[in-house]
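Data block for input_34.cif (mmCIF, C-alpha atoms):
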data_start
#
loop_
_atom_site.label_atom_id
_atom_site.label_comp_id
_atom_site.auth_asym_id
_atom_site.auth_seq_id
_atom_site.Cartn_x
_atom_site.Cartn_y
_atom_site.Cartn_z
CA MET K 80 111.43 126.27 77.35
CA LYS K 81 107.83 125.68 76.29
CA SER K 82 106.53 127.29 73.10
CA ARG K 83 103.68 129.82 73.09
CA PHE K 84 101.37 127.12 71.69
CA GLU K 85 102.30 124.64 74.46
CA ARG K 86 101.67 127.28 77.12
CA ALA K 87 98.27 128.07 75.60
CA VAL K 88 97.32 124.38 75.54
CA ASN K 89 98.37 123.98 79.19
CA LYS K 90 96.28 127.01 80.14
CA VAL K 91 93.20 125.55 78.43
CA GLU K 92 93.78 122.16 80.10
CA ARG K 93 94.02 123.78 83.53
CA ARG K 94 90.83 125.77 82.96
CA LEU K 95 88.91 122.67 81.80
CA SER K 96 90.15 120.76 84.83
CA GLN K 97 89.03 123.60 87.10
CA LEU K 98 85.57 123.73 85.48
CA TYR K 99 85.17 119.98 85.93
CA PHE K 100 86.11 120.19 89.60
CA GLU K 101 83.74 123.09 90.26
CA THR K 102 80.80 121.37 88.54
CA HIS K 103 81.46 118.02 90.21
CA TYR K 104 81.94 119.70 93.60
CA LYS K 105 78.61 121.57 93.41
CA LEU K 106 76.81 118.36 92.48
CA GLN K 107 78.39 116.47 95.42
CA LEU K 108 77.35 119.25 97.80
CA LYS K 109 73.80 119.17 96.48
CA ILE K 110 73.35 115.43 96.97
CA GLY K 111 75.11 115.38 100.34
CA VAL K 112 78.17 113.35 99.40
CA VAL K 113 80.31 116.32 100.42
CA LYS K 114 79.73 118.54 103.45
CA LYS K 115 81.05 121.98 104.39
CA THR K 116 81.84 123.27 107.87
CA GLN K 117 83.97 125.72 109.84
CA ILE K 118 87.49 124.79 110.95
CA VAL K 119 87.93 125.49 114.67
CA THR K 120 90.39 124.91 117.50
CA PRO K 121 89.51 122.37 120.24
CA ASP K 122 88.73 125.15 122.73
CA GLY K 123 84.98 125.43 123.15
CA GLU K 124 84.45 122.10 121.38
CA GLY K 125 85.87 119.74 123.99
CA GLU K 126 87.56 119.36 127.34
CA LYS K 127 91.32 119.30 127.91
CA VAL K 128 92.13 116.08 129.80
CA ALA K 129 95.93 115.95 129.98
CA LEU K 130 99.01 117.77 128.76
CA PHE K 131 101.31 115.99 126.32
CA LYS K 132 103.71 118.93 126.32
CA PRO K 133 103.49 122.61 127.32
CA ASN K 134 104.48 125.51 125.10
CA THR K 135 108.20 125.09 124.50
CA VAL K 136 111.00 126.97 122.81
CA GLU K 137 113.27 124.42 121.17
CA THR K 138 116.55 124.65 119.31
CA PHE K 139 117.30 122.34 116.41
CA GLU K 140 120.63 121.68 114.75
CA PHE K 141 121.06 121.54 111.01
CA PRO K 142 123.06 118.59 109.77
CA LYS K 143 126.51 119.24 108.38
CA VAL K 144 126.63 119.50 104.59
CA PHE K 145 129.83 118.69 102.72
CA ASN K 146 131.44 121.83 101.26
CA PHE K 147 128.53 123.94 102.55
CA ILE K 148 127.29 123.91 106.18
CA ARG K 149 129.74 123.35 109.03
CA LYS K 150 127.43 124.32 111.91
CA ALA K 151 123.99 125.93 112.09
CA SER K 152 120.90 125.88 114.27
CA PHE K 153 117.53 127.58 114.63
CA THR K 154 115.08 128.08 117.47
CA ILE K 155 111.31 127.77 117.16
CA GLU K 156 108.24 128.03 119.34
CA TYR K 157 106.55 124.64 119.64
CA PRO K 158 102.94 125.13 120.86
CA GLU K 159 101.22 123.19 123.60
CA ILE K 160 99.88 119.75 122.70
CA ALA K 161 97.10 118.24 124.79
CA LEU K 162 94.78 115.25 125.01
CA TRP K 163 91.20 116.37 124.36
CA LYS K 164 87.85 114.78 125.13
CA PHE K 165 84.96 115.34 122.72
CA SER K 166 81.34 114.23 123.02
CA ASN K 167 79.51 112.75 120.02
CA ALA K 168 82.44 113.25 117.66
CA THR K 169 83.36 111.54 114.39
CA VAL K 170 86.83 110.65 113.08
CA PHE K 171 87.89 109.21 109.73
CA CYS K 172 90.45 106.63 108.71
CA ASP K 173 93.50 108.23 107.03
CA SER K 174 92.35 111.70 108.07
CA ASP K 175 93.12 114.20 110.85
CA ILE K 176 89.64 115.78 110.75
CA VAL K 177 87.43 115.54 113.84
CA ILE K 178 83.77 116.49 113.36
CA THR K 179 82.43 117.67 116.71
CA GLU K 180 78.99 117.55 118.30
CA LYS K 181 78.40 121.12 117.04
CA GLY K 182 79.19 120.03 113.49
CA ASN K 183 82.47 121.95 113.33
CA ALA K 184 85.80 120.53 112.18
CA VAL K 185 88.71 120.37 114.61
CA TRP K 186 91.61 120.19 112.17
CA GLN K 187 94.61 121.48 114.08
CA LYS K 188 97.17 121.40 111.30
CA TYR K 189 95.20 124.17 109.57
CA PHE K 190 96.63 126.48 112.25
CA TYR K 191 100.26 125.33 111.79
CA TYR K 192 102.63 128.04 110.59
CA ASN K 193 103.39 126.06 107.42
CA TYR K 194 99.84 125.04 106.44
CA ALA K 195 99.86 127.35 103.40
CA LYS K 196 102.49 125.24 101.64
CA ASN K 197 101.28 121.87 102.93
CA ILE K 198 99.70 119.56 100.36
CA VAL K 199 96.98 118.02 102.50
CA GLY K 200 96.94 114.23 102.73
CA ASP K 201 93.57 113.68 104.44
CA ALA K 202 91.62 111.01 102.57
CA ASN K 203 88.28 112.79 103.18
CA PHE K 204 89.56 116.27 102.32
CA VAL K 205 87.96 117.96 99.30
CA ASN K 206 88.59 121.65 99.60
CA GLU K 207 89.42 124.46 102.04
CA GLU K 208 88.86 128.15 101.58
CA HIS K 209 89.15 130.87 104.23
CA GLY K 210 88.73 128.43 107.10
CA ILE K 211 85.78 126.53 105.64
CA ILE K 212 86.51 122.87 104.93
CA SER K 213 84.70 120.54 102.57
CA TYR K 214 84.97 116.83 103.29
CA LYS K 215 83.53 113.60 101.93
CA LYS K 216 81.15 111.49 103.94
CA ALA K 217 82.54 108.08 104.83
CA LYS K 218 81.40 104.97 102.99
CA ARG K 219 80.63 103.35 106.34
CA THR K 220 80.28 104.72 109.87
CA ILE K 221 80.92 102.52 112.90
CA GLU K 222 79.52 103.52 116.29
CA VAL K 223 81.69 103.19 119.42
CA ASP K 224 80.97 104.28 122.97
CA THR K 225 84.40 105.47 124.22
CA ALA K 226 87.44 105.66 121.95
CA PHE K 227 91.09 106.72 121.90
CA SER K 228 92.23 107.51 118.35
CA LEU K 229 95.46 106.31 116.74
CA ILE K 230 94.15 106.84 113.20
CA GLY K 231 95.08 109.66 110.86
CA VAL K 232 97.07 110.58 107.77
CA PHE K 233 99.96 108.09 107.33
CA SER K 234 99.08 106.36 110.63
CA HIS K 235 100.09 103.06 109.02
CA VAL K 236 103.52 104.16 107.69
CA TRP K 237 106.65 103.27 109.72
CA ALA K 238 108.51 106.59 109.48
CA HIS K 239 105.40 108.57 110.42
CA VAL K 240 104.24 106.17 113.12
CA LEU K 241 107.57 106.50 114.97
CA VAL K 242 107.19 110.21 115.65
CA GLU K 243 103.51 111.00 114.98
CA TYR K 244 101.47 108.11 116.38
CA TYR K 245 103.50 105.83 118.66
CA PRO K 246 104.27 108.77 121.04
CA LYS K 247 100.51 109.23 121.60
CA PHE K 248 100.77 106.29 124.01
CA LEU K 249 102.30 108.81 126.43
CA VAL K 250 98.74 109.95 127.33
CA ILE K 251 96.68 106.78 126.83
CA LYS K 252 96.72 106.16 130.60
CA ASP K 253 95.14 109.57 131.10
CA ALA K 254 92.33 108.65 128.73
CA ILE K 255 91.76 105.31 130.44
CA ALA K 256 91.75 106.90 133.89
CA ASP K 257 89.38 109.68 132.84
CA SER K 258 86.93 107.32 131.15
CA LYS K 259 86.45 105.14 134.25
CA GLY K 260 85.41 102.39 131.86
CA LYS K 261 86.54 100.34 128.85
CA VAL K 262 88.23 102.34 126.11
CA THR K 263 88.31 101.19 122.48
CA VAL K 264 91.56 102.14 120.74
CA LEU K 265 91.09 102.98 117.06
CA VAL K 266 93.97 101.69 114.94
CA PRO K 267 94.39 101.69 111.17
CA GLU K 268 94.81 98.59 109.07
CA ILE K 269 98.61 98.15 109.14
CA LYS K 270 100.23 95.88 106.56
CA ASP K 271 103.86 96.47 107.57
CA ALA K 272 104.84 93.79 110.12
CA GLN K 273 107.32 96.00 112.00
CA THR K 274 104.83 98.86 112.40
CA ASN K 275 102.21 96.37 113.54
CA GLN K 276 104.58 94.93 116.10
CA ILE K 277 105.49 98.16 117.88
CA ILE K 278 101.85 99.30 118.01
CA TYR K 279 100.37 96.01 119.20
CA ASP K 280 103.20 95.33 121.67
CA GLU K 281 102.26 98.62 123.32
CA LEU K 282 98.50 97.98 123.16
CA LYS K 283 98.96 94.69 125.03
CA LYS K 284 99.99 96.64 128.12
CA TYR K 285 96.50 98.08 128.63
CA ASP K 286 93.04 96.73 129.44
CA ILE K 287 91.39 98.07 126.30
CA ASP K 288 89.41 96.94 123.28
CA ILE K 289 90.83 97.36 119.76
CA LEU K 290 88.95 98.39 116.63
CA VAL K 291 90.73 98.19 113.27
CA VAL K 292 89.44 101.03 111.09
CA HIS K 293 89.64 100.38 107.35
CA LYS K 294 90.07 102.82 104.46
CA GLY K 295 86.85 104.68 103.74
CA ASP K 296 85.45 104.12 107.23
CA ALA K 297 84.49 106.66 109.88
CA VAL K 298 83.93 106.11 113.59
CA LYS K 299 81.21 107.96 115.49
CA THR K 300 81.85 108.04 119.23
CA HIS K 301 79.89 108.92 122.34
CA THR K 302 83.20 109.98 123.91
CA LEU K 303 86.38 110.55 121.92
CA TYR K 304 89.89 111.01 123.33
CA TYR K 305 92.00 112.71 120.72
CA ILE K 306 95.50 114.17 120.48
CA GLU K 307 96.91 115.86 117.39
CA ARG K 308 100.07 114.55 115.80
CA PRO K 309 102.78 115.50 118.31
CA THR K 310 105.37 115.98 115.57
CA ARG K 311 104.16 118.48 113.03
CA PHE K 312 105.07 116.79 109.78
CA THR K 313 103.79 118.22 106.54
CA ASP K 314 101.61 115.69 104.71
CA HIS K 315 103.35 116.49 101.43
CA GLU K 316 105.17 119.66 100.50
CA ASP K 317 106.17 121.85 97.57
CA CYS K 318 109.26 123.06 99.40
CA LEU K 319 110.96 122.62 102.75
CA ALA K 320 111.98 125.24 105.27
CA PRO K 321 113.62 125.28 108.71
CA GLY K 322 111.16 123.91 111.25
CA ASP K 323 109.39 121.50 108.91
CA MET K 324 109.37 118.00 110.40
CA ALA K 325 111.21 119.06 113.55
CA VAL K 326 110.73 116.43 116.26
CA PRO K 327 110.16 117.93 119.75
CA LYS K 328 112.32 116.71 122.61
CA VAL K 329 109.42 115.03 124.42
CA VAL K 330 108.91 112.73 121.41
CA ALA K 331 112.61 111.91 121.09
CA ASP K 332 112.78 111.14 124.82
CA TYR K 333 109.70 108.92 124.69
CA LEU K 334 111.04 106.93 121.74
CA ARG K 335 114.36 106.39 123.49
CA THR K 336 112.92 105.34 126.87
CA HIS K 337 109.89 103.32 125.70
CA LEU K 338 110.87 101.90 122.31
CA VAL K 339 114.65 101.85 121.93
CA LEU K 340 116.14 101.13 125.35
CA PRO K 341 113.84 98.19 126.22
CA ARG K 342 114.61 96.56 122.85
CA THR K 343 118.39 97.10 122.90
CA VAL K 344 119.14 95.86 126.43
CA GLY K 345 121.57 92.95 126.21
CA ILE K 346 122.12 93.19 122.44
CA SER K 347 125.63 92.27 121.35
CA LYS K 348 127.12 93.97 118.31
CA ASP K 349 127.57 91.90 115.16
CA PRO K 350 130.71 93.00 113.23
CA LYS K 351 129.02 91.92 109.97
CA TYR K 352 126.84 95.03 110.28
CA SER K 353 129.56 97.53 111.23
CA LYS K 354 129.44 99.24 107.80
CA LEU K 355 125.95 99.62 106.28
CA PHE K 356 124.69 100.84 102.94
CA LEU K 357 120.95 101.60 103.06
CA LEU K 358 119.30 100.75 99.78
CA ARG K 359 116.54 102.94 98.38
CA ARG K 360 114.22 101.30 95.89
CA GLY K 361 111.14 102.74 94.15
CA GLY K 362 109.18 105.74 95.39
CA ILE K 363 108.47 109.05 93.69
CA GLY K 364 111.55 111.11 92.93
CA LYS K 365 114.32 111.69 95.47
CA GLY K 366 116.42 109.03 93.70
CA LEU K 367 120.18 109.05 93.27
CA LEU K 368 120.58 108.88 89.49
CA ASN K 369 124.04 107.30 89.52
CA VAL K 370 123.18 104.88 92.29
CA GLU K 371 124.69 101.84 90.54
CA GLU K 372 128.25 103.19 90.49
CA VAL K 373 127.90 104.46 94.06
CA GLU K 374 126.64 101.06 95.24
CA ASP K 375 129.50 99.30 93.42
CA TYR K 376 132.04 101.56 95.12
CA PHE K 377 130.77 100.88 98.65
CA ARG K 378 130.23 97.18 97.95
CA ASN K 379 133.93 96.96 97.07
CA LYS K 380 134.70 98.69 100.36
CA GLY K 381 133.03 95.88 102.30
CA PHE K 382 129.71 97.55 103.18
CA TYR K 383 126.71 95.42 104.11
CA PHE K 384 123.68 96.29 101.96
CA VAL K 385 120.25 96.28 103.61
CA GLU K 386 116.62 97.22 102.97
CA PRO K 387 115.41 97.60 106.59
CA HIS K 388 111.73 96.92 105.91
CA LYS K 389 112.56 93.45 104.55
CA VAL K 390 113.95 92.05 107.81
CA SER K 391 112.26 91.40 111.15
CA LEU K 392 112.06 94.17 113.74
CA GLU K 393 114.50 92.30 116.00
CA GLU K 394 117.01 91.86 113.18
CA LYS K 395 116.65 95.48 112.11
CA ILE K 396 117.37 96.73 115.61
CA LYS K 397 120.47 94.49 115.81
CA ILE K 398 121.69 95.73 112.41
CA PHE K 399 121.45 99.42 113.31
CA TYR K 400 122.70 98.92 116.86
CA SER K 401 125.81 97.20 115.46
CA ALA K 402 126.55 99.89 112.86
CA GLU K 403 129.54 102.16 113.17
CA VAL K 404 129.21 103.71 109.69
CA ILE K 405 126.03 104.13 107.59
CA VAL K 406 125.76 105.56 104.06
CA GLY K 407 123.13 105.69 101.34
CA PRO K 408 120.62 107.84 99.43
CA LEU K 409 118.29 109.71 101.79
CA GLY K 410 115.03 107.87 102.40
CA SER K 411 112.76 106.50 105.10
CA ALA K 412 115.38 103.84 105.96
CA PHE K 413 117.29 106.54 107.84
CA THR K 414 114.48 106.88 110.38
CA ASN K 415 115.96 103.72 111.88
CA LEU K 416 118.98 105.69 113.10
CA VAL K 417 116.93 105.89 116.30
CA PHE K 418 118.31 102.41 117.10
CA CYS K 419 121.96 103.43 116.57
CA ARG K 420 124.50 103.99 119.31
CA PRO K 421 125.83 107.52 119.98
CA GLY K 422 128.84 108.32 117.81
CA THR K 423 127.66 106.38 114.75
CA LYS K 424 128.87 108.13 111.59
CA VAL K 425 126.26 108.66 108.87
CA MET K 426 126.64 110.01 105.34
CA GLN K 427 123.50 110.67 103.29
CA PHE K 428 123.22 111.58 99.63
CA SER K 429 120.39 114.02 99.04
CA ASN K 430 118.83 116.59 96.77
CA TYR K 431 119.23 120.17 97.98
CA GLN K 432 115.72 120.70 99.39
CA ARG K 433 115.95 117.70 101.71
CA LEU K 434 118.70 119.42 103.69
CA PHE K 435 115.91 121.25 105.50
CA GLU K 436 113.96 118.16 106.53
CA ASN K 437 114.58 118.45 110.25
CA TYR K 438 113.54 114.91 111.15
CA ILE K 439 117.25 114.05 111.17
CA SER K 440 117.95 116.77 113.77
CA MET K 441 116.54 114.40 116.41
CA GLN K 442 119.25 111.87 115.61
CA ILE K 443 121.99 114.49 115.79
CA GLN K 444 121.21 116.29 119.04
CA TYR K 445 119.22 113.78 121.09
CA ASN K 446 120.83 110.52 119.95
CA GLY K 447 124.38 111.74 119.30
CA ILE K 448 124.62 110.58 115.66
CA ASP K 449 127.32 112.25 113.51
CA VAL K 450 125.55 113.08 110.23
CA LEU K 451 126.95 114.52 107.01
CA TYR K 452 124.86 115.30 103.92
CA VAL K 453 126.33 115.21 100.41
CA THR K 454 124.49 116.99 97.59
CA GLY K 455 125.05 117.15 93.85
CA GLU K 456 123.08 118.33 90.84
CA ASP K 457 119.28 118.26 91.13
CA ASP K 458 116.90 117.37 88.30
CA LYS K 459 115.97 120.83 86.99
CA ASN K 460 112.86 119.50 85.20
CA ALA K 461 111.30 117.91 88.27
CA TYR K 462 107.66 118.79 89.02
CA ASN K 463 108.54 119.26 92.71
CA MET K 464 112.05 120.16 93.81
CA THR K 465 111.54 118.64 97.26
CA HIS K 466 110.93 115.25 95.67
CA CYS K 467 113.33 115.52 92.75
CA SER K 468 116.04 113.07 91.76
CA TYR K 469 119.67 114.11 91.77
CA TYR K 470 123.20 113.20 90.66
CA VAL K 471 126.21 113.23 92.99
CA PRO K 472 129.61 112.69 91.34
CA LEU K 473 131.40 109.65 92.73
CA GLU K 474 134.59 111.68 93.24
CA LYS K 475 132.68 114.09 95.48
CA ILE K 476 131.31 111.15 97.48
CA LYS K 477 134.84 109.76 97.92
CA ALA K 478 136.09 113.16 99.10
CA ALA K 479 133.18 113.49 101.54
CA ALA K 480 133.80 109.99 102.91
CA THR K 481 137.43 110.88 103.59
CA TYR K 482 136.43 114.22 105.16
CA HIS K 483 133.87 112.47 107.42
CA GLY K 484 136.36 109.79 108.41
CA ILE K 485 134.31 106.78 107.32
CA LEU K 486 136.86 105.13 105.03
#
Show how you would write the structure in this file as structure tokens.
Amino acid sequence: MKSRFERAVNKVERRLSQLYFETHYKLQLKIGVVKKTQIVTPDGEGEKVALFKPNTVETFEFPKVFNFIRKASFTIEYPEIALWKFSNATVFCDSDIVITEKGNAVWQKYFYYNYAKNIVGDANFVNEEHGIISYKKAKRTIEVDTAFSLIGVFSHVWAHVLVEYYPKFLVIKDAIADSKGKVTVLVPEIKDAQTNQIIYDELKKYDIDILVVHKGDAVKTHTLYYIERPTRFTDHEDCLAPGDMAVPKVVADYLRTHLVLPRTVGISKDPKYSKLFLLRRGGIGKGLLNVEEVEDYFRNKGFYFVEPHKVSLEEKIKIFYSAEVIVGPLGSAFTNLVFCRPGTKVMQFSNYQRLFENYISMQIQYNGIDVLYVTGEDDKNAYNMTHCSYYVPLEKIKAAATYHGIL
């Protein structure tokens, strides 16, 4: 527990930090580096071109948790998602903000039920208060006649691209048809080869131009076709709750029919990959503290160890398609369960908060993956319990593996 003196010092530090922000913010507003505007919905700002999905009521299954949850589910309302057309609008790289012809900000995640606990990840975001947003002007603005946007927060990150950006291709034909001309697709600078491959393989199917938008850039368009992220991920969170990161059925179906099935036709299973251990290296928090002894145990049981981002896309798909059993500390590597066959058994080690990250629900109910979580003791001194490290006793892991039938 902190002493009275330490608490007083922390209070002074927070106040000084707040004063610095307020002074710097006022100066940026005065010189025009930062602008303020009203956050609005697309209605009245643009024209609805096509429907990605109607209002739906969807049920999601919780994963099983060893010695805790046997079966549980919840039902949520998932609002309509549409493709919108805006005139004279501006979008930013690594941001979900759209500045409309009227000067307002279409920023749809502000209206999500969980916005209040969402730590915003928009690169141009400065501040929001009572529906008024402050945002930084871009370093450079590129002008384009007609554009379809694939840029936004984390639009270059594999796990996010799978469920937040790749599914936007479902309505690109509607944009092309409505434009009656050449459309320029705005894509971020993507350094990951696998992410690049799935995006550009899809882009090659259309008669379009491509503009790579770099960090710090904005694009001003005469006509903009824009769809919000169809899976409502939080950018970064203090805590997780049921419904956060729940993938709607339309997204799961699109991934299966357009990404997975075409790339798994004719694949033969390789027995070398029947038992996988997914390595997790680096990152902030969420680490298994006794990972060395856990890795040693499964290595002695004949598991194949893999870091999925270090192999080619084709090899990665073969690895996961061949797997019968997959274990490891929870991380983005588990997004690749989308390539697994129904019935694959999965055991993930996780801190407590991550039990409520409903991304994995897609794998359970739409892809037929048998998932079991195993928790232990979380780091009580972590700054954020969602991203904290944790310890799971090896004996508990052994018991869970026997219970789940993977050894």
Fill in: Radius query 12 Å about (121.5, 95.0, 111.4), atoms used: only C-alpha atoms, as a PyMOL selection string
chain K and resi 346-357+382-405+415-416+418-419
Residue selection dump (C-alpha atoms) as a PDB file, in the frame of the given file:
ATOM      1  CA  ILE K 346     122.120  93.190 122.440  1.00  0.00           C
ATOM      2  CA  SER K 347     125.630  92.270 121.350  1.00  0.00           C
ATOM      3  CA  LYS K 348     127.120  93.970 118.310  1.00  0.00           C
ATOM      4  CA  ASP K 349     127.570  91.900 115.160  1.00  0.00           C
ATOM      5  CA  PRO K 350     130.710  93.000 113.230  1.00  0.00           C
ATOM      6  CA  LYS K 351     129.020  91.920 109.970  1.00  0.00           C
ATOM      7  CA  TYR K 352     126.840  95.030 110.280  1.00  0.00           C
ATOM      8  CA  SER K 353     129.560  97.530 111.230  1.00  0.00           C
ATOM      9  CA  LYS K 354     129.440  99.240 107.800  1.00  0.00           C
ATOM     10  CA  LEU K 355     125.950  99.620 106.280  1.00  0.00           C
ATOM     11  CA  PHE K 356     124.690 100.840 102.940  1.00  0.00           C
ATOM     12  CA  LEU K 357     120.950 101.600 103.060  1.00  0.00           C
ATOM     13  CA  PHE K 382     129.710  97.550 103.180  1.00  0.00           C
ATOM     14  CA  TYR K 383     126.710  95.420 104.110  1.00  0.00           C
ATOM     15  CA  PHE K 384     123.680  96.290 101.960  1.00  0.00           C
ATOM     16  CA  VAL K 385     120.250  96.280 103.610  1.00  0.00           C
ATOM     17  CA  GLU K 386     116.620  97.220 102.970  1.00  0.00           C
ATOM     18  CA  PRO K 387     115.410  97.600 106.590  1.00  0.00           C
ATOM     19  CA  HIS K 388     111.730  96.920 105.910  1.00  0.00           C
ATOM     20  CA  LYS K 389     112.560  93.450 104.550  1.00  0.00           C
ATOM     21  CA  VAL K 390     113.950  92.050 107.810  1.00  0.00           C
ATOM     22  CA  SER K 391     112.260  91.400 111.150  1.00  0.00           C
ATOM     23  CA  LEU K 392     112.060  94.170 113.740  1.00  0.00           C
ATOM     24  CA  GLU K 393     114.500  92.300 116.000  1.00  0.00           C
ATOM     25  CA  GLU K 394     117.010  91.860 113.180  1.00  0.00           C
ATOM     26  CA  LYS K 395     116.650  95.480 112.110  1.00  0.00           C
ATOM     27  CA  ILE K 396     117.370  96.730 115.610  1.00  0.00           C
ATOM     28  CA  LYS K 397     120.470  94.490 115.810  1.00  0.00           C
ATOM     29  CA  ILE K 398     121.690  95.730 112.410  1.00  0.00           C
ATOM     30  CA  PHE K 399     121.450  99.420 113.310  1.00  0.00           C
ATOM     31  CA  TYR K 400     122.700  98.920 116.860  1.00  0.00           C
ATOM     32  CA  SER K 401     125.810  97.200 115.460  1.00  0.00           C
ATOM     33  CA  ALA K 402     126.550  99.890 112.860  1.00  0.00           C
ATOM     34  CA  GLU K 403     129.540 102.160 113.170  1.00  0.00           C
ATOM     35  CA  VAL K 404     129.210 103.710 109.690  1.00  0.00           C
ATOM     36  CA  ILE K 405     126.030 104.130 107.590  1.00  0.00           C
ATOM     37  CA  ASN K 415     115.960 103.720 111.880  1.00  0.00           C
ATOM     38  CA  LEU K 416     118.980 105.690 113.100  1.00  0.00           C
ATOM     39  CA  PHE K 418     118.310 102.410 117.100  1.00  0.00           C
ATOM     40  CA  CYS K 419     121.960 103.430 116.570  1.00  0.00           C
TER      41      CYS K 419
END
Discussion item. What does the structure give for the distance between atom CA of Tyr305 of chain K and atom CA of Thr179 of chain K, in Å to one decimal?
Written reply: 11.5 Å
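Reported to one decimal place, the separation of atom CA of Phe413 of chain K from atom CA of Gly381 of chain K is 19.8 Å.
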Practice prompt. For Leu367 of chain K, please output as a VMD selection string all residues within 12 Å (counting only C-alpha atoms; exclusion window: fewer than 4 positions along the same chain).
Written response: chain K and resid 358 to 363 371 to 374 407 to 410 427 to 430 453 to 458 466 to 473
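When atom CA of Val177 of chain K is paired with atom CA of Val298 of chain K, their separation reads 10.1 Å.
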Discussion item. If we count all atoms listed in the file and set the cut-off at 7 Å, which residues sit around segment 264-273 of chain K, ignoring sequence neighbours fewer than 4 positions away in its own chain? Please answer as number ranges by chain.
Written reply: K: 172, 226-230, 234-235, 277, 287-293, 391-392
What does the PyMOL selection byres ((chain K and resi 323-336) around 7) select in this file, as an mmCIF file with C-alpha atoms, keeping the file's coordinate frame?
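What landed in result22.cif:
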data_model
loop_
_atom_site.group_PDB
_atom_site.id
_atom_site.type_symbol
_atom_site.label_atom_id
_atom_site.label_comp_id
_atom_site.auth_asym_id
_atom_site.auth_seq_id
_atom_site.Cartn_x
_atom_site.Cartn_y
_atom_site.Cartn_z
ATOM 1 C CA VAL K 242 107.190 110.210 115.650
ATOM 2 C CA PRO K 246 104.270 108.770 121.040
ATOM 3 C CA THR K 310 105.370 115.980 115.570
ATOM 4 C CA ARG K 311 104.160 118.480 113.030
ATOM 5 C CA PHE K 312 105.070 116.790 109.780
ATOM 6 C CA THR K 313 103.790 118.220 106.540
ATOM 7 C CA LEU K 319 110.960 122.620 102.750
ATOM 8 C CA ALA K 320 111.980 125.240 105.270
ATOM 9 C CA PRO K 321 113.620 125.280 108.710
ATOM 10 C CA GLY K 322 111.160 123.910 111.250
ATOM 11 C CA HIS K 337 109.890 103.320 125.700
ATOM 12 C CA LEU K 338 110.870 101.900 122.310
ATOM 13 C CA VAL K 339 114.650 101.850 121.930
ATOM 14 C CA LEU K 340 116.140 101.130 125.350
ATOM 15 C CA GLU K 436 113.960 118.160 106.530
ATOM 16 C CA ASN K 437 114.580 118.450 110.250
ATOM 17 C CA TYR K 438 113.540 114.910 111.150
ATOM 18 C CA MET K 441 116.540 114.400 116.410
ATOM 19 C CA TYR K 445 119.220 113.780 121.090
#
Practice prompt. Could you expand the PyMOL selection byres ((chain K and resi 463) around 9) into the explicit residues it covers here, written as a ChimeraX atom specification?
Written response: /K:316-318,364,460-462,464-467
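Among K:His209, K:Lys127, K:His239, K:Lys299, the residue with the shortest atom-to-atom distance to Ala412 of chain K, counting all atoms listed in the file, is K:His239.
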Fill in: Pick from K:Thr302, K:Thr138, K:Ser82, K:Asn369, whichever lies nearest to Glu180 of chain K using all atoms listed in the file
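With all atoms listed in the file as the atom set, the closest residue is K:Thr302.
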Practice prompt. List the residues selected by the PyMOL selection byres ((chain K and resi 450) around 8) in the file shown, writing them as a PyMOL selection string.
Written response: chain K and resi 142-143+424-427+443+448-449+451-452
Worksheet item: From the set K:Asp296, K:Glu101, K:Asp122, K:Asp253, which residue has the shortest atom-to-atom contact distance to Asn183 of chain K, counting only C-alpha atoms?
Response: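 With only C-alpha atoms as the atom set, the closest residue is K:Asp122.
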Discussion item. With distances taken over all atoms listed in the file, which residue among K:Val113, K:Ala195, K:Val144, K:Asp257 lies nearest Tyr431 of chain K?
Written reply: K:Val144
Worksheet item: What's the 12 Å shell around Ser213 of chain K, counting all atoms listed in the file, without same-chain residues fewer than 2 positions away, as an MDAnalysis selection string?
Response: chainID K and resid 104:105 107:108 111:118 176 178 183:184 186 201:211 215:216
Worksheet item: Nearest to Val417 of chain K among K:Ala129, K:Ala238, K:Leu282, K:Ile148, with distances taken over all atoms listed in the file: which residue is it?
Response: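 When distances to Val417 of chain K are compared using all atoms listed in the file, the smallest one comes from K:Ala238.
Closest approach to Pro158 of chain K from the set K:Val344, K:Val136, K:Ala297, K:Ile110 is made by K:Val136, with distances taken over all atoms listed in the file.
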